[in-house]
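Peer 1: Structure provided below as structure tokens; questions to follow.
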Amino acid sequence: MSYELNNKIRELEPYEPISGTYKIRLDANECPVSYPEEIMQQVREAIEKIDFNRYPDPLATEVVNSFSEYYEINPECVTAGNGSDELIFLTESAFLEKGDKMLVVAPDFSMYKFYSSICEVECDSFIKDENLNFDIDALIEKINNNNIKLVIFSNPCNPTGQGITAEQARRLVTSVNALVILDEAYMDFWNQSLISETEKYTNLIVFRTASKSVGSAALRLGFAVANKTISKALKAVKSPYNVNSISQAIGTVIYKNKEYLLNRQKAIVSSREKLYNGLVDIAEKYKSLTVYNSCANFVFVKTPEGKAIWEYLKSNSIVIRYMGDYIRISAGTEQEVDETLCCIEKYFAR
């Protein structure tokens, strides 16, 4: 007798990001710079206070309070997670039952649908139009007419960089009985958040992450914001010690440096605009790029030469994200953006 894997995992392959050392990495939508020495000293002092022989605080109280103060929201409505990925899987597995249906939009963050397959939940897709937008009224109609129990999408969207307004999001939440999850991982780069309104609604969860504008991808730290009833349920179904003590301690320090974080957000948005305008100039000259405006920290581009551009940049020690008919380029430092635009220009001028 020999054990065999079941059907839902037999053909899965582990996620493997681009490995190796490159001069410029613009493939993962990370913050382009780490923290200054002043903040790093605060981090070191926080780590020295950790009791490494003790389990973490199961409610991550200090980092939740720091996060809540940063966004000026009620800490009772916040649940900390081991990255937003844990929270995505947690909500899909806990808030849906056998036979329930959920809905994603497409294109969007692929893990929403992936986790649904692991949870063995039926997942339908709402396809965006040729401009990568979607009609809120049509989405509402599909949710209500198909007995959808949960809908999740990123706003602004990863990978397109486009988003729906706060008013559109409110209309969605108030027009359906389904649980609506707005993944606002990139909302720090825009101003259309519903994070301060979650207590008003019985069917809304907003996700946030420390991996993007906050610049702490290494911590794997995410947050779910919802009314007290949903938040209590999330805390009940999560693992007891899901956020480690190091991430809690460092995250508490980072969110207390609000002025620094806000200034860096502005710098990243400025870098994104430089990247976008540079790509538009190249598109006008060579006519083989469609450049989408972005509310996030990256720019999405449609091009039949995506793979060739990706390979050419990689050969010049610059990595971006190749996605079939599209490429996605993160906003790096101004120097990184200049070098990347210059390299793309050289590719077309060959």
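Each chain of the structure tokens is named A, B, ... in the order shown, its residues numbered from 1; ligands are numbered from 1 in display order.
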Please identify all polymer residues within 12 Å of Phe52 of chain A, counting only C-alpha atoms, omitting same-chain residues fewer than 3 positions from it, and present them as a VMD selection string.

Peer 2: chain A and resid 47 to 49 55 to 57 244 to 246 249

Peer 1: Let's have the selection written as a compact mmCIF listing (two decimals), in the first residue's frame, with all heavy atoms.

Peer 2:
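Dumped to selection37.txt:
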# COMPACT_ATOMS: atom_id res chain seq x y z
N ILE A 47 13.40 44.77 19.41
CA ILE A 47 13.74 43.35 19.35
C ILE A 47 14.42 42.90 20.64
O ILE A 47 14.19 41.79 21.14
CB ILE A 47 14.62 43.06 18.13
CG1 ILE A 47 13.80 43.25 16.84
CG2 ILE A 47 15.19 41.64 18.18
CD1 ILE A 47 14.62 43.12 15.57
N GLU A 48 15.25 43.76 21.21
CA GLU A 48 15.98 43.41 22.44
C GLU A 48 15.04 43.16 23.61
O GLU A 48 15.41 42.49 24.58
CB GLU A 48 16.97 44.51 22.78
CG GLU A 48 18.17 44.57 21.83
CD GLU A 48 19.09 45.74 22.15
OE1 GLU A 48 18.76 46.53 23.04
OE2 GLU A 48 20.15 45.84 21.49
N LYS A 49 13.83 43.67 23.53
CA LYS A 49 12.87 43.53 24.64
C LYS A 49 12.02 42.26 24.53
O LYS A 49 11.23 41.97 25.43
CB LYS A 49 11.96 44.75 24.69
CG LYS A 49 12.69 46.06 25.00
CD LYS A 49 11.72 47.24 24.96
CE LYS A 49 12.46 48.56 25.21
NZ LYS A 49 11.54 49.73 25.10
N TYR A 55 5.56 32.50 23.95
CA TYR A 55 4.72 32.61 22.76
C TYR A 55 4.33 34.07 22.52
O TYR A 55 4.29 34.88 23.45
CB TYR A 55 3.44 31.78 22.92
CG TYR A 55 3.65 30.30 22.74
CD1 TYR A 55 3.54 29.43 23.83
CD2 TYR A 55 3.95 29.75 21.49
CE1 TYR A 55 3.71 28.06 23.67
CE2 TYR A 55 4.13 28.40 21.33
CZ TYR A 55 4.02 27.55 22.42
OH TYR A 55 4.19 26.20 22.25
N PRO A 56 4.00 34.40 21.27
CA PRO A 56 3.57 35.77 20.98
C PRO A 56 2.22 36.10 21.61
O PRO A 56 1.46 35.20 21.99
CB PRO A 56 3.46 35.79 19.44
CG PRO A 56 4.13 34.55 18.97
CD PRO A 56 4.05 33.55 20.07
N ASP A 57 1.92 37.37 21.71
CA ASP A 57 0.59 37.81 22.11
C ASP A 57 -0.40 37.32 21.05
O ASP A 57 -0.29 37.68 19.87
CB ASP A 57 0.57 39.34 22.19
CG ASP A 57 -0.82 39.92 22.41
OD1 ASP A 57 -1.78 39.15 22.64
OD2 ASP A 57 -0.96 41.15 22.34
N ASN A 244 4.14 36.29 14.67
CA ASN A 244 5.26 36.08 15.58
C ASN A 244 5.67 37.35 16.32
O ASN A 244 5.34 38.47 15.89
CB ASN A 244 6.46 35.47 14.83
CG ASN A 244 7.10 36.46 13.88
OD1 ASN A 244 7.82 37.37 14.28
ND2 ASN A 244 6.83 36.29 12.59
N SER A 245 6.38 37.18 17.41
CA SER A 245 6.72 38.31 18.28
C SER A 245 7.61 39.33 17.60
O SER A 245 7.51 40.53 17.86
CB SER A 245 7.41 37.79 19.55
OG SER A 245 6.53 36.99 20.30
N ILE A 246 8.50 38.88 16.71
CA ILE A 246 9.40 39.81 16.03
C ILE A 246 8.60 40.72 15.10
O ILE A 246 8.79 41.95 15.08
CB ILE A 246 10.49 39.05 15.25
CG1 ILE A 246 11.40 38.29 16.23
CG2 ILE A 246 11.32 40.00 14.40
CD1 ILE A 246 12.44 37.43 15.57
N ALA A 249 6.65 43.24 17.20
CA ALA A 249 7.47 44.29 17.79
C ALA A 249 7.92 45.31 16.75
O ALA A 249 7.84 46.53 16.96
CB ALA A 249 8.69 43.68 18.47

Peer 1: List the spatial neighbours of Phe207 of chain A as a list in words - criterion: any atom at most 6 Å away, only C-alpha atoms, same-chain residues fewer than 5 positions off excluded.

Peer 2: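 So the residues in contact are Asp183, Glu184, Phe223 and Ala224 of chain A.
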
Peer 1: Using only C-alpha atoms, which protein or nucleic acid residues come within 12 Å of Ala236 of chain A? Drop anything in the same chain fewer than 6 positions from it, and give the result as a ChimeraX atom specification.

Peer 2: /A:58-59,79,90-91,94-95,229-230,242

Peer 1: Just to be explicit: take each residue in the selection above, keep N, CA and C atoms, and write the result as a PDB file, in the first residue's frame.

Peer 2:
ATOM      1  N   PRO A  58      -1.371  36.489  21.405  1.00  0.00           N
ATOM      2  CA  PRO A  58      -2.282  35.918  20.402  1.00  0.00           C
ATOM      3  C   PRO A  58      -3.145  36.952  19.688  1.00  0.00           C
ATOM      4  N   LEU A  59      -3.361  38.100  20.306  1.00  0.00           N
ATOM      5  CA  LEU A  59      -4.169  39.145  19.678  1.00  0.00           C
ATOM      6  C   LEU A  59      -3.321  40.257  19.063  1.00  0.00           C
ATOM      7  N   THR A  79      -8.014  42.707  13.096  1.00  0.00           N
ATOM      8  CA  THR A  79      -7.422  41.398  13.353  1.00  0.00           C
ATOM      9  C   THR A  79      -6.103  41.313  12.591  1.00  0.00           C
ATOM     10  N   LEU A  90      -8.106  32.395   5.404  1.00  0.00           N
ATOM     11  CA  LEU A  90      -8.920  32.258   6.610  1.00  0.00           C
ATOM     12  C   LEU A  90     -10.373  32.633   6.347  1.00  0.00           C
ATOM     13  N   THR A  91     -10.599  33.749   5.674  1.00  0.00           N
ATOM     14  CA  THR A  91     -11.973  34.183   5.433  1.00  0.00           C
ATOM     15  C   THR A  91     -12.689  33.252   4.465  1.00  0.00           C
ATOM     16  N   ALA A  94     -13.377  29.944   6.482  1.00  0.00           N
ATOM     17  CA  ALA A  94     -14.236  30.043   7.664  1.00  0.00           C
ATOM     18  C   ALA A  94     -15.615  30.629   7.380  1.00  0.00           C
ATOM     19  N   PHE A  95     -15.704  31.559   6.432  1.00  0.00           N
ATOM     20  CA  PHE A  95     -16.966  32.244   6.191  1.00  0.00           C
ATOM     21  C   PHE A  95     -17.799  31.588   5.087  1.00  0.00           C
ATOM     22  N   THR A 229     -18.572  42.218  15.173  1.00  0.00           N
ATOM     23  CA  THR A 229     -19.062  40.848  15.056  1.00  0.00           C
ATOM     24  C   THR A 229     -18.162  40.009  14.167  1.00  0.00           C
ATOM     25  N   ILE A 230     -17.832  40.543  12.981  1.00  0.00           N
ATOM     26  CA  ILE A 230     -16.940  39.824  12.065  1.00  0.00           C
ATOM     27  C   ILE A 230     -15.549  39.709  12.672  1.00  0.00           C
ATOM     28  N   ASN A 242      -0.652  33.412  15.534  1.00  0.00           N
ATOM     29  CA  ASN A 242      -0.409  33.482  14.091  1.00  0.00           C
ATOM     30  C   ASN A 242       0.592  34.549  13.669  1.00  0.00           C
TER      31      ASN A 242
END

Peer 1: Which parts of segment 87-296 of chain A does DSSP call strand (DSSP E or B) when run on the backbone here, written out as a short mmCIF file (atom, residue, chain, number, x, y, z; two decimals) with C-alpha atoms, in the first residue's frame?

Peer 2:
data_model
loop_
_atom_site.label_atom_id
_atom_site.label_comp_id
_atom_site.auth_asym_id
_atom_site.auth_seq_id
_atom_site.Cartn_x
_atom_site.Cartn_y
_atom_site.Cartn_z
CA LYS A 101 -20.29 30.02 -4.08
CA MET A 102 -17.84 32.91 -4.14
CA LEU A 103 -16.94 35.40 -6.84
CA VAL A 104 -13.70 37.02 -8.00
CA VAL A 105 -13.10 39.53 -10.76
CA ALA A 106 -10.57 38.91 -13.51
CA GLU A 122 -17.14 26.90 -6.03
CA CYS A 123 -15.58 30.07 -7.45
CA ASP A 124 -17.02 32.06 -10.35
CA SER A 125 -15.32 34.94 -12.18
CA PHE A 126 -16.62 38.32 -13.28
CA ILE A 127 -14.60 39.32 -16.33
CA ILE A 148 -22.94 34.45 -4.21
CA LYS A 149 -21.95 34.30 -0.54
CA LEU A 150 -18.59 36.07 -0.78
CA VAL A 151 -16.97 38.42 -3.29
CA ILE A 152 -13.34 39.48 -3.09
CA PHE A 153 -11.16 41.75 -5.21
CA SER A 154 -8.24 44.10 -4.85
CA LEU A 179 -19.74 39.26 2.33
CA VAL A 180 -17.68 41.87 0.44
CA ILE A 181 -13.90 41.79 0.89
CA LEU A 182 -11.97 44.78 -0.39
CA ASP A 183 -8.26 44.01 -0.48
CA LEU A 204 -17.61 44.31 4.77
CA ILE A 205 -14.00 43.33 5.43
CA VAL A 206 -11.08 45.52 4.37
CA PHE A 207 -7.60 44.02 4.13
CA ARG A 208 -4.41 46.03 4.57
CA THR A 209 -0.76 44.98 4.47
CA GLY A 222 -1.45 41.90 7.35
CA PHE A 223 -4.65 43.22 8.90
CA ALA A 224 -8.39 42.62 8.48
CA VAL A 225 -10.69 45.51 9.43
CA ALA A 226 -14.40 44.82 9.94
CA THR A 290 -0.66 50.14 -24.21
CA VAL A 291 0.05 51.80 -20.87
CA TYR A 292 -2.64 51.81 -18.18
#

Peer 1: Find the spatial neighbours of Val319 of chain A, counting only C-alpha atoms, within a cut-off of 7 Å - ignore same-chain residues fewer than 6 positions away - and output them as a ChimeraX atom specification.

Peer 2: /A:24-27,313

Peer 1: Within 12 Å of Ala308 of chain A, counting only C-alpha atoms, which residues show up once you throw out same-chain ones fewer than 4 positions away? Write them as JSON, numbers by chain, please.

Peer 2: {"A": [303, 304, 312, 313, 314, 315, 320, 322, 323, 324, 325, 326, 327, 344, 347, 348]}

Peer 1: Next, the residues of the selection above should be written as a compact mmCIF listing (two decimals), in the first residue's frame with C-alpha atoms.

Peer 2:
# COMPACT_ATOMS: atom_id res chain seq x y z
CA THR A 303 2.35 44.53 -25.35
CA PRO A 304 2.90 41.66 -27.80
CA TYR A 312 16.10 41.94 -22.51
CA LEU A 313 15.74 43.74 -19.18
CA LYS A 314 16.74 40.61 -17.30
CA SER A 315 19.88 40.32 -19.42
CA ILE A 320 10.01 43.08 -13.96
CA TYR A 322 6.04 39.08 -17.19
CA MET A 323 2.35 38.11 -17.46
CA GLY A 324 1.70 36.80 -20.97
CA ASP A 325 0.30 39.67 -23.02
CA TYR A 326 1.21 42.08 -20.22
CA ILE A 327 4.16 43.26 -18.18
CA ILE A 344 13.31 49.71 -22.57
CA TYR A 347 15.29 47.57 -26.59
CA PHE A 348 13.02 49.32 -29.11

Peer 1: Counting only C-alpha atoms, figure out which residue out of A:Tyr35, A:Tyr115, A:Tyr22, A:Tyr201 gets nearest to Glu92 of chain A.

Peer 2: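 So, comparing all the options, the nearest one is A:Tyr115.
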
Peer 1: From the list A:Ser330, A:Arg54, A:Ile195, A:Leu234, which residue is nearest Glu72 of chain A when using only C-alpha atoms?

Peer 2: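 Ranking A:Ser330, A:Arg54, A:Ile195, A:Leu234 by distance to Glu72 of chain A, first place goes to A:Ile195.
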
Peer 1: Arg264 of chain A: which residues within 10 Å, counting only C-alpha atoms, same-chain residues fewer than 2 positions away excluded, as number ranges by chain?

Peer 2: A: 31-33, 213-215, 258-262, 266-270

Peer 1: Now that the selection is made, can you save its residues with N, CA, C and O atoms as a compact mmCIF listing (two decimals), in the first residue's frame?

Peer 2:
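Wrote again.txt, looks like this:
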# COMPACT_ATOMS: atom_id res chain seq x y z
N CYS A 31 8.31 47.95 -1.62
CA CYS A 31 8.82 49.30 -1.39
C CYS A 31 10.28 49.33 -1.84
O CYS A 31 11.05 48.41 -1.52
N PRO A 32 10.71 50.35 -2.57
CA PRO A 32 12.06 50.33 -3.15
C PRO A 32 13.19 50.60 -2.16
O PRO A 32 14.35 50.36 -2.49
N VAL A 33 12.88 51.11 -0.97
CA VAL A 33 13.95 51.43 -0.01
C VAL A 33 13.59 50.90 1.38
O VAL A 33 12.42 50.72 1.71
N SER A 213 3.40 50.04 0.83
CA SER A 213 3.88 51.39 1.17
C SER A 213 4.59 51.42 2.52
O SER A 213 5.49 52.23 2.74
N VAL A 214 4.21 50.54 3.44
CA VAL A 214 4.83 50.51 4.77
C VAL A 214 6.24 49.94 4.69
O VAL A 214 7.07 50.19 5.58
N GLY A 215 6.55 49.20 3.65
CA GLY A 215 7.92 48.77 3.40
C GLY A 215 8.42 47.65 4.28
O GLY A 215 9.61 47.54 4.53
N LYS A 258 4.63 57.72 11.55
CA LYS A 258 3.62 58.09 10.55
C LYS A 258 4.14 59.13 9.56
O LYS A 258 3.93 59.01 8.35
N GLU A 259 4.80 60.15 10.05
CA GLU A 259 5.26 61.22 9.15
C GLU A 259 6.23 60.67 8.11
O GLU A 259 6.14 61.01 6.92
N TYR A 260 7.15 59.81 8.56
CA TYR A 260 8.10 59.22 7.62
C TYR A 260 7.37 58.39 6.56
O TYR A 260 7.65 58.50 5.36
N LEU A 261 6.44 57.55 7.00
CA LEU A 261 5.72 56.69 6.06
C LEU A 261 4.91 57.49 5.05
O LEU A 261 4.89 57.17 3.85
N LEU A 262 4.26 58.54 5.50
CA LEU A 262 3.46 59.36 4.59
C LEU A 262 4.33 60.07 3.56
O LEU A 262 3.98 60.17 2.38
N LYS A 266 4.41 59.51 -0.69
CA LYS A 266 4.41 60.57 -1.71
C LYS A 266 5.56 60.38 -2.69
O LYS A 266 5.40 60.59 -3.90
N ALA A 267 6.71 59.98 -2.17
CA ALA A 267 7.88 59.76 -3.04
C ALA A 267 7.63 58.60 -4.01
O ALA A 267 8.01 58.66 -5.19
N ILE A 268 6.97 57.54 -3.52
CA ILE A 268 6.69 56.39 -4.38
C ILE A 268 5.68 56.76 -5.46
O ILE A 268 5.81 56.36 -6.63
N VAL A 269 4.66 57.54 -5.10
CA VAL A 269 3.67 57.99 -6.09
C VAL A 269 4.35 58.85 -7.14
O VAL A 269 4.07 58.72 -8.34
N SER A 270 5.27 59.71 -6.72
CA SER A 270 6.01 60.53 -7.67
C SER A 270 6.83 59.66 -8.62
O SER A 270 6.89 59.92 -9.83

Peer 1: For Ile164 of chain A, which residue among A:Asn277, A:Ser247, A:Gln265, A:Ser294 is the nearest when counting only C-alpha atoms?

Peer 2: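 Using only C-alpha atoms, Ile164 of chain A sits closest to A:Ser294.
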
Peer 1: Report the residues of segment 91-180 of chain A whose backbone DSSP state falls under helix (DSSP H, G or I), written as an MDAnalysis selection string.

Peer 2: chainID A and resid 91:95 111:118 136:145 166:175

Peer 1: Could you check which of A:Thr160, A:Ser110, A:Asn145, A:Ser116 is closest to Asn131 of chain A, using only C-alpha atoms?

Peer 2: A:Thr160

Peer 1: What gap, in Å, lies between atom CA of Glu38 of chain A and atom CA of Arg220 of chain A?

Peer 2: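 We find that atom CA of Glu38 of chain A and atom CA of Arg220 of chain A lie 22.2 Å from each other.
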
Peer 1: Given only C-alpha atoms as the basis, pick out the residue of A:Ile254, A:Asn29, A:Arg171, A:Leu96 nearest to Tyr186 of chain A.

Peer 2: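 Selected residue with least distance to Tyr186 of chain A: A:Asn29.
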
Peer 1: Which distance in Å separates atom CA of Gln335 of chain A and atom CA of Gly251 of chain A, to one decimal?

Peer 2: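 A separation of 28.2 Å between them.
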
Peer 1: Hey, which of A:Leu279, A:Ala28, A:Val121, A:Ile18 ends up closest to Asp338 of chain A? Count only C-alpha atoms.

Peer 2: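 Closest residue, counting only C-alpha atoms: A:Leu279.
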